[in-house]
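**Q** File structure_34.txt follows (compact mmCIF, C-alpha atoms):
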```
# COMPACT_ATOMS: atom_id res chain seq x y z
CA MET A 231 30.73 -9.13 -13.51
CA THR A 232 28.68 -12.18 -12.61
CA ASP A 233 25.42 -12.59 -10.80
CA SER A 234 26.27 -16.10 -9.73
CA PRO A 235 25.20 -17.07 -6.22
CA MET A 236 27.68 -18.08 -3.59
CA PRO A 237 28.72 -21.72 -3.88
CA THR A 238 26.64 -24.04 -1.79
CA GLN A 239 28.63 -25.13 1.20
CA ALA A 240 28.13 -28.04 3.53
CA THR A 241 25.75 -26.65 6.13
CA PRO A 242 27.30 -26.73 9.56
CA ALA A 243 24.86 -27.25 12.41
CA PRO A 244 24.55 -23.77 13.95
CA THR A 245 26.22 -23.53 17.35
CA PRO A 246 24.53 -21.41 20.05
CA GLU A 247 27.13 -18.75 19.24
CA THR A 248 26.24 -18.82 15.54
CA GLN A 249 22.57 -18.69 16.45
CA ALA A 250 23.18 -15.54 18.53
CA ASN A 251 25.20 -13.98 15.72
CA LEU A 252 22.49 -14.85 13.23
CA PHE A 253 19.96 -13.05 15.40
CA ALA A 254 22.23 -9.97 15.52
CA PHE A 255 22.79 -10.04 11.76
CA VAL A 256 19.11 -10.45 10.87
CA LEU A 257 18.32 -7.60 13.26
CA GLN A 258 20.93 -5.45 11.53
CA LEU A 259 19.30 -6.15 8.16
CA ALA A 260 15.89 -5.33 9.66
CA ASP A 261 17.08 -2.04 11.17
CA THR A 262 18.75 -1.05 7.90
CA SER A 263 15.62 -1.63 5.81
CA LEU A 264 13.35 0.03 8.37
CA ILE A 265 15.45 3.18 8.76
CA LEU A 266 15.86 3.66 5.01
CA ALA A 267 12.13 3.00 4.52
CA HIS A 268 11.38 5.67 7.12
CA ARG A 269 13.68 8.20 5.45
CA LEU A 270 12.05 7.57 2.07
CA SER A 271 8.59 7.84 3.58
CA GLU A 272 9.48 11.36 4.72
CA TRP A 273 9.28 12.34 1.04
CA CYS A 274 5.66 11.26 0.77
CA GLY A 275 3.71 14.29 -0.45
CA HIS A 276 6.92 16.32 -0.95
CA GLY A 277 8.46 14.69 -4.05
CA PRO A 278 9.62 16.86 -6.94
CA ILE A 279 6.92 15.39 -9.19
CA LEU A 280 4.04 13.05 -8.50
CA GLU A 281 5.56 10.01 -10.26
CA GLN A 282 8.79 10.21 -8.27
CA ASP A 283 6.91 10.85 -5.05
CA LEU A 284 5.10 7.57 -5.76
CA ALA A 285 8.35 5.82 -6.64
CA MET A 286 9.90 6.72 -3.28
CA ALA A 287 6.77 5.67 -1.41
CA ASN A 288 6.77 2.36 -3.30
CA ILE A 289 10.42 1.68 -2.52
CA ALA A 290 9.79 2.61 1.12
CA LEU A 291 6.94 0.10 1.20
CA ASP A 292 9.10 -2.68 -0.28
CA LEU A 293 11.80 -1.99 2.31
CA LEU A 294 9.26 -1.89 5.12
CA GLY A 295 7.90 -5.28 4.05
CA GLU A 296 11.42 -6.66 3.92
CA ALA A 297 12.13 -5.20 7.38
CA ARG A 298 9.04 -6.90 8.79
CA SER A 299 10.14 -10.28 7.45
CA TYR A 300 13.55 -9.84 9.10
CA TYR A 301 12.09 -8.60 12.41
CA GLN A 302 9.67 -11.53 12.55
CA TYR A 303 12.52 -13.94 11.90
CA ALA A 304 14.78 -12.18 14.42
CA ALA A 305 12.08 -12.47 17.07
CA GLU A 306 11.82 -16.19 16.31
CA LEU A 307 15.62 -16.67 16.45
CA GLU A 308 15.83 -14.85 19.77
CA GLY A 309 13.00 -16.92 21.22
CA LYS A 310 12.45 -14.69 24.23
CA GLY A 311 8.91 -13.67 23.47
CA ARG A 312 9.74 -10.31 21.90
CA THR A 313 7.69 -9.51 18.79
CA GLU A 314 8.53 -7.68 15.58
CA ASP A 315 6.90 -4.57 17.06
CA ASP A 316 8.97 -4.78 20.26
CA LEU A 317 12.14 -4.95 18.18
CA ALA A 318 11.22 -2.03 15.94
CA TYR A 319 9.53 0.29 18.41
CA LEU A 320 11.13 -0.37 21.77
CA ARG A 321 14.88 -0.33 21.15
CA SER A 322 16.93 2.82 21.63
CA ALA A 323 19.35 4.37 19.13
CA VAL A 324 22.43 2.68 20.63
CA GLU A 325 20.72 -0.70 20.17
CA TYR A 326 20.05 -0.06 16.49
CA ARG A 327 22.56 -1.72 14.16
CA ASN A 328 21.94 -0.03 10.80
CA PRO A 329 24.98 1.41 8.98
CA LEU A 330 25.34 5.21 9.13
CA LEU A 331 24.42 5.71 5.47
CA VAL A 332 20.71 4.95 5.76
CA GLU A 333 20.06 7.28 8.69
CA GLN A 334 21.49 10.31 6.87
CA PRO A 335 18.85 12.98 6.24
CA ASN A 336 17.18 13.14 2.84
CA GLY A 337 18.77 16.43 1.79
CA ASP A 338 17.56 17.42 -1.66
CA PHE A 339 16.38 14.94 -4.30
CA ALA A 340 19.99 14.40 -5.47
CA GLY A 341 21.02 13.57 -1.89
CA THR A 342 18.25 10.99 -1.61
CA ILE A 343 19.16 9.50 -5.00
CA VAL A 344 22.86 9.16 -4.17
CA ARG A 345 22.12 7.60 -0.76
CA GLN A 346 19.70 5.20 -2.45
CA PHE A 347 22.11 4.29 -5.23
CA ILE A 348 24.95 3.54 -2.80
CA TYR A 349 22.62 1.40 -0.72
CA ASP A 350 20.93 -0.35 -3.67
CA CYS A 351 24.31 -1.47 -5.04
CA PHE A 352 25.12 -3.21 -1.76
CA HIS A 353 21.60 -4.42 -1.06
CA TYR A 354 21.07 -6.01 -4.48
CA HIS A 355 24.40 -7.85 -4.50
CA LEU A 356 24.03 -8.99 -0.90
CA LEU A 357 20.55 -10.41 -1.55
CA LEU A 358 21.77 -12.24 -4.66
CA GLN A 359 24.20 -14.11 -2.43
CA LEU A 360 21.97 -14.59 0.60
CA GLN A 361 19.24 -16.25 -1.45
CA SER A 362 21.44 -19.32 -1.87
CA GLY A 363 22.93 -19.23 1.62
CA PRO A 364 22.58 -22.08 4.14
CA ASP A 365 19.89 -20.50 6.32
CA ALA A 366 16.55 -21.38 4.72
CA GLN A 367 14.47 -18.51 6.12
CA LEU A 368 17.09 -15.85 5.36
CA ALA A 369 17.39 -17.30 1.85
CA ALA A 370 13.60 -17.14 1.38
CA ILE A 371 13.44 -13.48 2.45
CA ALA A 372 16.36 -12.67 0.13
CA GLU A 373 14.78 -14.53 -2.79
CA LYS A 374 11.61 -12.49 -2.30
CA SER A 375 13.35 -9.14 -1.79
CA VAL A 376 15.93 -9.36 -4.56
CA LYS A 377 13.18 -9.08 -7.17
CA GLU A 378 12.13 -5.79 -5.61
CA ALA A 379 15.71 -4.57 -5.15
CA ALA A 380 16.20 -5.05 -8.91
CA TYR A 381 13.59 -2.32 -9.51
CA HIS A 382 15.25 -0.07 -6.93
CA ILE A 383 18.77 -0.29 -8.33
CA LYS A 384 17.52 0.40 -11.84
CA TRP A 385 15.58 3.45 -10.66
CA SER A 386 18.39 5.00 -8.63
CA ALA A 387 21.03 4.30 -11.31
CA GLU A 388 18.90 5.98 -13.99
CA TRP A 389 18.46 9.02 -11.77
CA VAL A 390 22.21 9.25 -11.04
CA ILE A 391 22.71 9.36 -14.82
CA ARG A 392 19.95 11.92 -15.42
CA LEU A 393 21.26 14.22 -12.71
CA GLY A 394 24.96 13.78 -13.48
CA ASP A 395 24.59 14.21 -17.22
CA GLY A 396 21.70 16.65 -16.88
CA THR A 397 21.77 20.40 -16.29
CA GLU A 398 24.47 22.45 -14.61
CA GLU A 399 22.28 22.67 -11.51
CA SER A 400 21.48 18.95 -11.32
CA ARG A 401 25.15 18.13 -11.76
CA ARG A 402 26.21 20.56 -9.05
CA ARG A 403 23.72 18.99 -6.67
CA VAL A 404 24.60 15.37 -7.41
CA GLU A 405 28.32 16.11 -7.04
CA LYS A 406 27.66 17.76 -3.69
CA ALA A 407 25.61 14.73 -2.59
CA ILE A 408 28.41 12.34 -3.58
CA GLU A 409 30.89 14.46 -1.65
CA ASN A 410 28.64 14.35 1.42
CA LEU A 411 27.67 10.69 1.31
CA TRP A 412 30.52 8.68 -0.20
CA ARG A 413 32.21 8.49 3.21
CA TYR A 414 29.37 6.24 4.39
CA SER A 415 29.68 3.70 1.57
CA GLY A 416 32.64 1.78 3.01
CA GLU A 417 30.84 0.67 6.17
CA LEU A 418 28.42 -1.45 4.15
CA THR A 419 31.12 -3.91 3.10
CA THR A 420 33.35 -3.61 6.18
CA PRO A 421 32.35 -6.65 8.23
CA SER A 422 31.51 -6.15 11.89
CA ALA A 423 32.63 -8.74 14.46
CA THR A 424 29.25 -10.42 14.04
CA GLU A 425 29.54 -10.51 10.27
CA LYS A 426 33.11 -11.83 10.42
CA ALA A 427 32.03 -14.70 12.65
CA LEU A 428 29.13 -15.51 10.33
CA GLN A 429 31.37 -15.32 7.28
CA ALA A 430 33.66 -17.88 8.93
CA ALA A 431 30.62 -20.08 9.61
CA GLY A 432 29.43 -19.73 5.97
CA PHE A 433 26.25 -17.76 6.68
CA VAL A 434 27.31 -14.38 5.33
CA PRO A 435 28.98 -13.98 1.92
CA ASP A 436 32.45 -12.60 1.34
CA TYR A 437 32.17 -8.81 1.31
CA ALA A 438 35.35 -8.34 -0.74
CA ALA A 439 33.66 -10.13 -3.65
CA ILE A 440 30.53 -8.04 -3.21
CA GLN A 441 32.67 -4.88 -3.17
CA GLN A 442 34.12 -5.86 -6.55
CA GLN A 443 30.66 -6.21 -8.03
CA ILE A 444 29.62 -2.89 -6.53
CA ASP A 445 32.72 -1.18 -7.94
CA ALA A 446 32.04 -2.51 -11.41
CA HIS A 447 28.44 -1.31 -11.30
CA VAL A 448 29.33 2.12 -9.89
CA THR A 449 32.03 2.60 -12.55
CA ARG A 450 29.60 1.74 -15.33
CA VAL A 451 26.83 4.03 -14.05
CA PHE A 452 29.12 6.96 -13.16
CA GLU A 453 30.78 6.74 -16.56
CA GLU A 454 27.42 7.14 -18.23
CA ALA A 455 26.58 9.95 -15.79
CA THR A 456 29.93 11.60 -16.69
CA LEU A 457 30.75 11.67 -12.98
CA PRO A 458 34.18 10.79 -11.55
CA VAL A 459 34.20 7.84 -9.12
CA PRO A 460 35.48 9.19 -5.77
CA GLN A 461 38.94 7.90 -4.85
CA GLY A 462 40.73 7.64 -1.51
CA VAL A 463 37.79 8.82 0.59
CA PHE A 464 38.15 8.34 4.36
CA MET A 465 35.32 6.04 5.36
CA GLN A 466 33.14 6.61 8.41
CA LYS A 467 31.77 3.68 10.34
CA GLY A 468 30.16 2.79 13.65
CA GLY A 469 26.46 2.31 12.96
CA LYS A 470 26.73 -1.48 12.80
CA ASP A 471 28.25 -1.35 16.32
CA GLY A 472 25.58 1.01 17.62
CA ARG A 473 27.64 4.23 17.34
CA HIS A 474 25.29 6.43 15.36
CA SER A 475 25.16 9.96 14.09
CA GLU A 476 22.94 12.45 15.89
CA HIS A 477 20.30 12.01 13.18
CA LEU A 478 19.13 8.55 14.28
CA GLY A 479 17.80 9.74 17.65
CA TYR A 480 15.52 12.28 16.00
CA LEU A 481 14.36 9.74 13.45
CA LEU A 482 13.50 7.18 16.13
CA ALA A 483 11.75 9.84 18.22
CA GLU A 484 9.29 10.22 15.36
CA LEU A 485 9.15 6.56 14.33
CA GLN A 486 8.62 5.29 17.89
CA TYR A 487 6.56 8.17 19.24
CA LEU A 488 3.24 6.36 19.45
CA GLN A 489 4.49 3.18 21.16
CA ARG A 490 6.65 5.17 23.58
CA THR A 491 3.84 7.53 24.51
CA TYR A 492 1.00 5.00 24.56
CA PRO A 493 2.65 1.62 25.24
CA GLY A 494 0.85 -1.29 23.62
CA LEU A 495 -1.47 0.91 21.61
CA GLN A 496 -3.05 -0.79 18.59
CA TRP A 497 -5.28 0.35 15.77
CA MET B 135 -26.34 -30.69 10.98
CA VAL B 136 -24.75 -33.75 9.48
CA GLU B 137 -23.32 -31.64 6.71
CA HIS B 138 -21.57 -29.38 9.18
CA LEU B 139 -20.04 -32.28 10.99
CA ALA B 140 -18.60 -33.79 7.85
CA ALA B 141 -14.96 -32.98 7.27
CA PRO B 142 -14.49 -30.42 4.48
CA THR B 143 -12.75 -31.58 1.35
CA GLU B 144 -9.82 -29.78 -0.23
CA GLU B 145 -11.82 -29.34 -3.42
CA HIS B 146 -14.55 -27.59 -1.46
CA ILE B 147 -12.02 -25.25 0.19
CA TRP B 148 -10.61 -24.31 -3.23
CA GLN B 149 -14.14 -23.47 -4.38
CA LEU B 150 -14.67 -21.20 -1.39
CA LEU B 151 -11.34 -19.47 -1.96
CA GLU B 152 -12.35 -18.68 -5.54
CA GLU B 153 -14.96 -16.38 -3.99
CA VAL B 154 -12.38 -14.32 -2.07
CA SER B 155 -11.35 -11.32 -4.13
CA ASP B 156 -8.22 -9.20 -4.00
CA PRO B 157 -9.00 -6.03 -2.02
CA GLU B 158 -6.93 -3.81 -4.37
CA VAL B 159 -8.14 -5.36 -7.63
CA PRO B 160 -11.62 -6.64 -6.78
CA VAL B 161 -12.25 -8.23 -10.19
CA LEU B 162 -9.56 -10.80 -9.42
CA SER B 163 -9.99 -13.68 -7.05
CA ILE B 164 -7.00 -14.61 -4.93
CA LEU B 165 -6.77 -17.78 -7.04
CA ASP B 166 -6.54 -15.72 -10.25
CA LEU B 167 -3.58 -13.90 -8.69
CA GLY B 168 -1.79 -17.07 -7.63
CA ILE B 169 -1.62 -16.01 -3.99
CA VAL B 170 -2.91 -19.32 -2.59
CA ARG B 171 -0.11 -21.87 -2.79
CA ALA B 172 -1.59 -24.87 -0.96
CA VAL B 173 -4.68 -26.20 0.75
CA ARG B 174 -4.50 -29.11 3.15
CA VAL B 175 -7.26 -30.71 5.16
CA GLU B 176 -6.44 -32.88 8.17
CA GLY B 177 -9.69 -34.10 9.73
CA GLU B 178 -11.45 -30.89 10.77
CA GLU B 179 -8.30 -28.78 10.57
CA VAL B 180 -7.84 -26.73 7.43
CA HIS B 181 -4.48 -25.31 6.41
CA VAL B 182 -4.25 -22.61 3.74
CA THR B 183 -0.83 -21.38 2.59
CA ILE B 184 -0.61 -17.95 1.00
CA THR B 185 2.29 -15.93 -0.41
CA PRO B 186 2.58 -12.13 -0.75
CA THR B 187 2.86 -10.52 -4.19
CA TYR B 188 5.34 -7.92 -2.91
CA SER B 189 7.04 -7.87 0.53
CA GLY B 190 5.20 -4.78 1.67
CA CYS B 191 1.82 -5.57 0.15
CA PRO B 192 -0.61 -4.04 2.65
CA ALA B 193 -3.43 -6.24 1.37
CA MET B 194 -2.07 -9.45 2.92
CA ASN B 195 -3.71 -8.96 6.32
CA THR B 196 -7.04 -8.15 4.68
CA ILE B 197 -6.75 -11.19 2.44
CA ALA B 198 -6.06 -13.45 5.43
CA THR B 199 -9.06 -11.98 7.24
CA GLU B 200 -11.33 -12.45 4.23
CA ILE B 201 -10.23 -16.08 3.83
CA ARG B 202 -11.04 -16.63 7.48
CA LEU B 203 -14.47 -14.99 7.18
CA ARG B 204 -15.41 -16.88 4.00
CA LEU B 205 -14.48 -20.25 5.50
CA LEU B 206 -16.08 -19.37 8.81
CA SER B 207 -19.39 -18.64 7.10
CA ASP B 208 -19.22 -22.19 5.77
CA GLY B 209 -18.78 -23.56 9.27
CA ILE B 210 -15.01 -24.03 9.10
CA THR B 211 -13.57 -22.83 12.37
CA LYS B 212 -10.32 -24.75 12.66
CA LEU B 213 -8.40 -22.76 10.11
CA HIS B 214 -4.64 -22.17 10.01
CA ILE B 215 -3.28 -19.63 7.54
CA HIS B 216 0.42 -19.95 6.76
CA ASN B 217 2.63 -17.39 5.06
CA LYS B 218 5.23 -18.70 2.67
CA LEU B 219 7.92 -16.58 0.98
CA SER B 220 9.72 -19.16 -1.15
CA PRO B 221 9.32 -19.82 -4.02
CA ALA B 222 8.73 -16.12 -4.47
CA TRP B 223 5.49 -15.05 -6.15
CA THR B 224 5.61 -14.41 -9.88
CA THR B 225 3.06 -13.08 -12.38
CA ASP B 226 3.52 -16.41 -14.21
CA TRP B 227 1.09 -17.76 -11.61
CA MET B 228 -1.68 -15.43 -12.73
CA SER B 229 -4.44 -17.35 -14.50
CA GLN B 230 -5.52 -16.66 -18.10
CA ALA B 231 -9.01 -15.84 -16.85
CA GLY B 232 -7.42 -13.38 -14.43
CA ARG B 233 -5.53 -11.65 -17.22
CA GLU B 234 -8.70 -11.22 -19.25
CA LYS B 235 -10.61 -9.89 -16.25
CA LEU B 236 -7.82 -7.41 -15.55
CA GLU B 237 -7.88 -5.96 -19.06
CA ALA B 238 -11.67 -5.69 -19.03
CA TYR B 239 -11.34 -3.82 -15.72
CA GLY B 240 -8.97 -1.26 -17.28
CA ILE B 241 -5.62 -2.61 -16.05
CA ALA B 242 -3.18 -3.94 -18.65
CA PRO B 243 -2.22 -7.54 -17.75
CA PRO B 244 1.45 -8.56 -17.38
CA VAL B 245 3.37 -9.22 -20.58
CA ASP B 246 5.32 -12.39 -19.82
CA GLY B 247 9.08 -12.38 -20.20
CA THR B 248 9.46 -8.64 -19.61
CA ALA B 249 10.53 -8.57 -15.96
CA THR B 250 13.08 -5.91 -14.97
CA GLY B 251 15.85 -8.17 -16.14
CA HIS B 252 19.44 -7.23 -15.59
CA MET B 253 20.13 -4.21 -13.43
CA LEU B 254 22.36 -2.78 -16.16
CA ASN B 255 19.50 -2.64 -18.61
CA LEU B 256 19.20 1.09 -17.93
CA PHE B 257 16.83 3.19 -19.97
CA GLY B 258 15.97 -0.04 -21.81
CA ALA B 259 13.12 -0.12 -24.31
CA ASP B 260 9.73 0.02 -22.62
CA THR B 261 7.69 -3.13 -22.66
CA ALA B 262 5.08 -2.90 -25.42
CA VAL B 263 1.87 -2.80 -23.43
CA ARG B 264 -1.55 -2.68 -25.05
CA CYS B 265 -3.85 0.11 -23.88
CA PRO B 266 -6.72 -1.61 -22.02
CA LEU B 267 -9.14 1.10 -23.19
CA CYS B 268 -8.57 1.68 -26.94
CA LYS B 269 -6.34 -1.41 -27.47
CA SER B 270 -3.62 0.65 -29.15
CA GLU B 271 -0.06 -0.68 -28.93
CA HIS B 272 1.30 2.88 -28.96
CA THR B 273 1.87 3.43 -25.28
CA HIS B 274 4.78 4.53 -23.12
CA LEU B 275 6.03 3.92 -19.60
CA VAL B 276 5.57 6.87 -17.26
CA SER B 277 7.04 5.21 -14.17
CA GLN B 278 7.96 1.69 -13.02
CA PHE B 279 6.22 2.58 -9.76
CA GLY B 280 2.47 3.07 -9.84
CA SER B 281 -0.62 3.18 -7.65
CA THR B 282 0.28 -0.07 -5.89
CA ALA B 283 3.50 -2.08 -5.58
CA CYS B 284 2.42 -4.51 -8.30
CA LYS B 285 1.66 -1.91 -10.97
CA ALA B 286 3.56 0.41 -13.27
CA HIS B 287 2.20 3.64 -14.68
CA TYR B 288 1.68 3.89 -18.46
CA GLN B 289 0.06 6.31 -20.86
CA CYS B 290 -1.55 5.63 -24.24
CA ASP B 291 -0.15 7.73 -27.10
CA ASP B 292 -3.33 7.37 -29.16
CA CYS B 293 -6.24 7.90 -26.75
CA LEU B 294 -3.92 9.70 -24.27
CA GLU B 295 -5.44 7.92 -21.29
CA PRO B 296 -3.10 7.12 -18.42
CA PHE B 297 -3.50 3.53 -17.22
CA ASP B 298 -2.12 0.99 -14.79
CA TYR B 299 -0.01 -1.91 -16.01
CA PHE B 300 0.22 -4.99 -13.80
CA LYS B 301 3.95 -5.37 -14.22
CA CYS B 302 5.64 -8.63 -15.05
CA HIS B 303 7.40 -9.91 -11.95
CA ALA B 304 9.33 -13.09 -12.66
```
What does this structure look like when you write it as structure tokens?
**A**
Amino acid sequence: MTDSPMPTQATPAPTPETQANLFAFVLQLADTSLILAHRLSEWCGHGPILEQDLAMANIALDLLGEARSYYQYAAELEGKGRTEDDLAYLRSAVEYRNPLLVEQPNGDFAGTIVRQFIYDCFHYHLLLQLQSGPDAQLAAIAEKSVKEAAYHIKWSAEWVIRLGDGTEESRRRVEKAIENLWRYSGELTTPSATEKALQAAGFVPDYAAIQQQIDAHVTRVFEEATLPVPQGVFMQKGGKDGRHSEHLGYLLAELQYLQRTYPGLQW
Amino acid sequence: MVEHLAAPTEEHIWQLLEEVSDPEVPVLSILDLGIVRAVRVEGEEVHVTITPTYSGCPAMNTIATEIRLRLLSDGITKLHIHNKLSPAWTTDWMSQAGREKLEAYGIAPPVDGTATGHMLNLFGADTAVRCPLCKSEHTHLVSQFGSTACKAHYQCDDCLEPFDYFKCHA
């Protein structure tokens, strides 16, 4: 396994089409970080112990900060006067582009850990590549966020190991969570039409290579957790094309409540 | 009056910024923390470039406001504050004076060269952090995530006090 960044390519001048795709991709990254941050924030005050309650709130805050950077940049790329708040608070579920994984409900602590671990594996390896990509602002956000994602992936991997190689009860729960959530892992590295176009233009890294790095990491962590790596799972997808599970609507109803009920409200 | 009309110098702006403290760790100035990356004066226009410690640091808006207020009270009205993400903030930028002030305040300063490191370094040995209260080296990590994004949670094995560690972020 290597952590080497993607090779620097000659930067093509972005065509209007690439510019539009870049907007869509940055928005997808923003939605993904925001929705996962919101899910984690639901734990605040309900964590199994104080230290882990704080850990989830901290990770939520990192992801929220990352989401803001992406939304601000997306608003700039779009150039139609929409702000970061407009993009986060005034788009409906079918306009959201996050993969299905991050909108899944928290479940128990094992469910949250497995969802986080699956996402952290992708997130960390994606950011490693994006930080040396041709788009300067995207690279800057990735360079900033990858340092934080390194804490996240360490935390979730250690918890997968503790739960898997823990008690009978913790193992039963983590196995159940893997059974429930593994089907959402494939969408992360299955490129959408937007991502394919940006891969061709050199703006988005090759997901097959990222998948290899993810597989190596998962194998290593699951081995230590004495958990079998799921094989031949049918993968769900659709979130990146706006086809979401029922859960996203409820999440957005809470997240967007204030701006929908009192438009333009500030405090 | 004449003084107010004179263009401010960059040196003067740096001096004013030294008086702006971090809202979460008030013993540190924003210069101690390495948050201010550049100061530029063009005639009457002043540009200050700042960088966040962590992406979600909720103190950034407050810091920007306090910079504005401090400069305003010195008659500087044409101020532009820029946010810069790259190069990403690191604890290497924290001043020596800042580290000493932190420890005196009860927060263990970052131990250089102990950043998270490789993601496969699971359950790795805890960084040896000196207790800011009794100065014992016998301490242990409670959680990588503490009271704010930039701190980890430690406990001293000798005096038993829990304490914050300003974690190394390189």
**Q** Leaving out A:Val256 and any residue of its chain fewer than 3 positions from it, which residues lie within 9 Å of it when counting all atoms listed in the file, given as a ChimeraX atom specification?
**A** /A:251-253,259-261,300-301,303-304,368
**Q** Quick one: contact table of chain B to chain A, 8 Å max, nearest atom pair and distance in Å to one decimal per residue, counting only C-alpha atoms, chain and number order, as JSON lines?
**A**
```
{"residue": "B:Tyr188", "atom": "CA", "partner": "A:Asp292", "partner_atom": "CA", "distance": 7.0}
{"residue": "B:Ser189", "atom": "CA", "partner": "A:Gly295", "partner_atom": "CA", "distance": 4.5}
{"residue": "B:Gly190", "atom": "CA", "partner": "A:Gly295", "partner_atom": "CA", "distance": 3.6}
{"residue": "B:Cys191", "atom": "CA", "partner": "A:Gly295", "partner_atom": "CA", "distance": 7.2}
{"residue": "B:Leu219", "atom": "CA", "partner": "A:Ala370", "partner_atom": "CA", "distance": 5.7}
{"residue": "B:Ser220", "atom": "CA", "partner": "A:Ala370", "partner_atom": "CA", "distance": 5.1}
{"residue": "B:Pro221", "atom": "CA", "partner": "A:Ala370", "partner_atom": "CA", "distance": 7.4}
{"residue": "B:Ala222", "atom": "CA", "partner": "A:Lys374", "partner_atom": "CA", "distance": 5.1}
{"residue": "B:Trp223", "atom": "CA", "partner": "A:Lys374", "partner_atom": "CA", "distance": 7.7}
{"residue": "B:Thr250", "atom": "CA", "partner": "A:Tyr381", "partner_atom": "CA", "distance": 6.6}
{"residue": "B:Gly251", "atom": "CA", "partner": "A:Ala380", "partner_atom": "CA", "distance": 7.9}
{"residue": "B:His252", "atom": "CA", "partner": "A:Ala380", "partner_atom": "CA", "distance": 7.7}
{"residue": "B:Met253", "atom": "CA", "partner": "A:Lys384", "partner_atom": "CA", "distance": 5.5}
{"residue": "B:Leu254", "atom": "CA", "partner": "A:Lys384", "partner_atom": "CA", "distance": 7.2}
{"residue": "B:Asn255", "atom": "CA", "partner": "A:Lys384", "partner_atom": "CA", "distance": 7.7}
{"residue": "B:Leu256", "atom": "CA", "partner": "A:Glu388", "partner_atom": "CA", "distance": 6.3}
{"residue": "B:Phe257", "atom": "CA", "partner": "A:Glu388", "partner_atom": "CA", "distance": 6.9}
{"residue": "B:Val276", "atom": "CA", "partner": "A:Glu281", "partner_atom": "CA", "distance": 7.7}
{"residue": "B:Ser277", "atom": "CA", "partner": "A:Glu281", "partner_atom": "CA", "distance": 6.4}
{"residue": "B:Gln278", "atom": "CA", "partner": "A:Ala285", "partner_atom": "CA", "distance": 7.6}
{"residue": "B:Phe279", "atom": "CA", "partner": "A:Ala285", "partner_atom": "CA", "distance": 5.0}
{"residue": "B:Gly280", "atom": "CA", "partner": "A:Leu284", "partner_atom": "CA", "distance": 6.6}
{"residue": "B:Ser281", "atom": "CA", "partner": "A:Leu284", "partner_atom": "CA", "distance": 7.5}
{"residue": "B:Thr282", "atom": "CA", "partner": "A:Asn288", "partner_atom": "CA", "distance": 7.4}
{"residue": "B:Ala283", "atom": "CA", "partner": "A:Asn288", "partner_atom": "CA", "distance": 6.0}
{"residue": "B:His303", "atom": "CA", "partner": "A:Lys377", "partner_atom": "CA", "distance": 7.5}
{"residue": "B:Ala304", "atom": "CA", "partner": "A:Lys377", "partner_atom": "CA", "distance": 7.8}
```
**Q** Work out how far atom CA of A:Pro244 is from atom CA of A:Leu356, in Å to one decimal.
**A**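 Calculated distance between atom CA of A:Leu356 and atom CA of A:Pro244 is 21.0 Å.
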**Q** Which protein, DNA or RNA residues are at most 9 Å from (-18.7, -21.3, 2.4) in the file's coordinates when you count all atoms listed in the file, listed as a PDB file with C-alpha atoms, in the frame of the given file?
**A**
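Wrote it out as out-v5.pdb, contents follow:
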```pdb
ATOM      1  CA  HIS B 146     -14.550 -27.590  -1.460  1.00  0.00           C
ATOM      2  CA  ILE B 147     -12.020 -25.250   0.190  1.00  0.00           C
ATOM      3  CA  GLN B 149     -14.140 -23.470  -4.380  1.00  0.00           C
ATOM      4  CA  LEU B 150     -14.670 -21.200  -1.390  1.00  0.00           C
ATOM      5  CA  LEU B 151     -11.340 -19.470  -1.960  1.00  0.00           C
ATOM      6  CA  GLU B 153     -14.960 -16.380  -3.990  1.00  0.00           C
ATOM      7  CA  LEU B 203     -14.470 -14.990   7.180  1.00  0.00           C
ATOM      8  CA  ARG B 204     -15.410 -16.880   4.000  1.00  0.00           C
ATOM      9  CA  LEU B 205     -14.480 -20.250   5.500  1.00  0.00           C
ATOM     10  CA  LEU B 206     -16.080 -19.370   8.810  1.00  0.00           C
ATOM     11  CA  SER B 207     -19.390 -18.640   7.100  1.00  0.00           C
ATOM     12  CA  ASP B 208     -19.220 -22.190   5.770  1.00  0.00           C
ATOM     13  CA  GLY B 209     -18.780 -23.560   9.270  1.00  0.00           C
ATOM     14  CA  ILE B 210     -15.010 -24.030   9.100  1.00  0.00           C
TER      15      ILE B 210
END
```
**Q** Show which residues sit within 12 Å of B:Thr225, as a list in words. Count all atoms listed in the file, and ignore same-chain residues fewer than 5 positions away.
**A**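 Selected residues are Asp166, Leu167, Gly168, Ile169, Pro186, Thr187, Tyr188, Gln230, Gly232, Arg233, Pro243, Pro244, Val245, Asp246, Gly247, Thr248, Ala249, Cys284, Lys285, Phe300, Lys301, Cys302, His303 and Ala304 of chain B.
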**Q** Nearest to A:Trp412 among A:Gly341, A:Gly363, A:Pro246, A:Pro493, with distances taken over only C-alpha atoms: which residue is it?
**A** A:Gly341
**Q** Could you tell me how far atom CA of B:Lys218 sits from atom CA of A:Leu418, in Å to one decimal place?
**A**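 Atom CA of B:Lys218 lies 28.9 Å from atom CA of A:Leu418.
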**Q** Excluding same-chain residues fewer than 3 positions from stretch 461-475 of chain A, what lies within 7 Å of it counting all atoms listed in the file, as a list of chain:residue names?
**A**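 Near neighbours after the sequence-gap exclusion: A:Val324, A:Glu325, A:Tyr326, A:Arg327, A:Asn328, A:Pro329, A:Leu330, A:Arg413, A:Tyr414, A:Gly416, A:Glu417, A:Ser422, A:Leu478.
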**Q** Rank B:Lys269, B:Arg264, B:Arg202, B:His287 by their smallest atom-to-atom distance to B:Val154, using all atoms listed in the file, and report the top residue only.
**A**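 Selected residue with least distance to B:Val154: B:Arg202.
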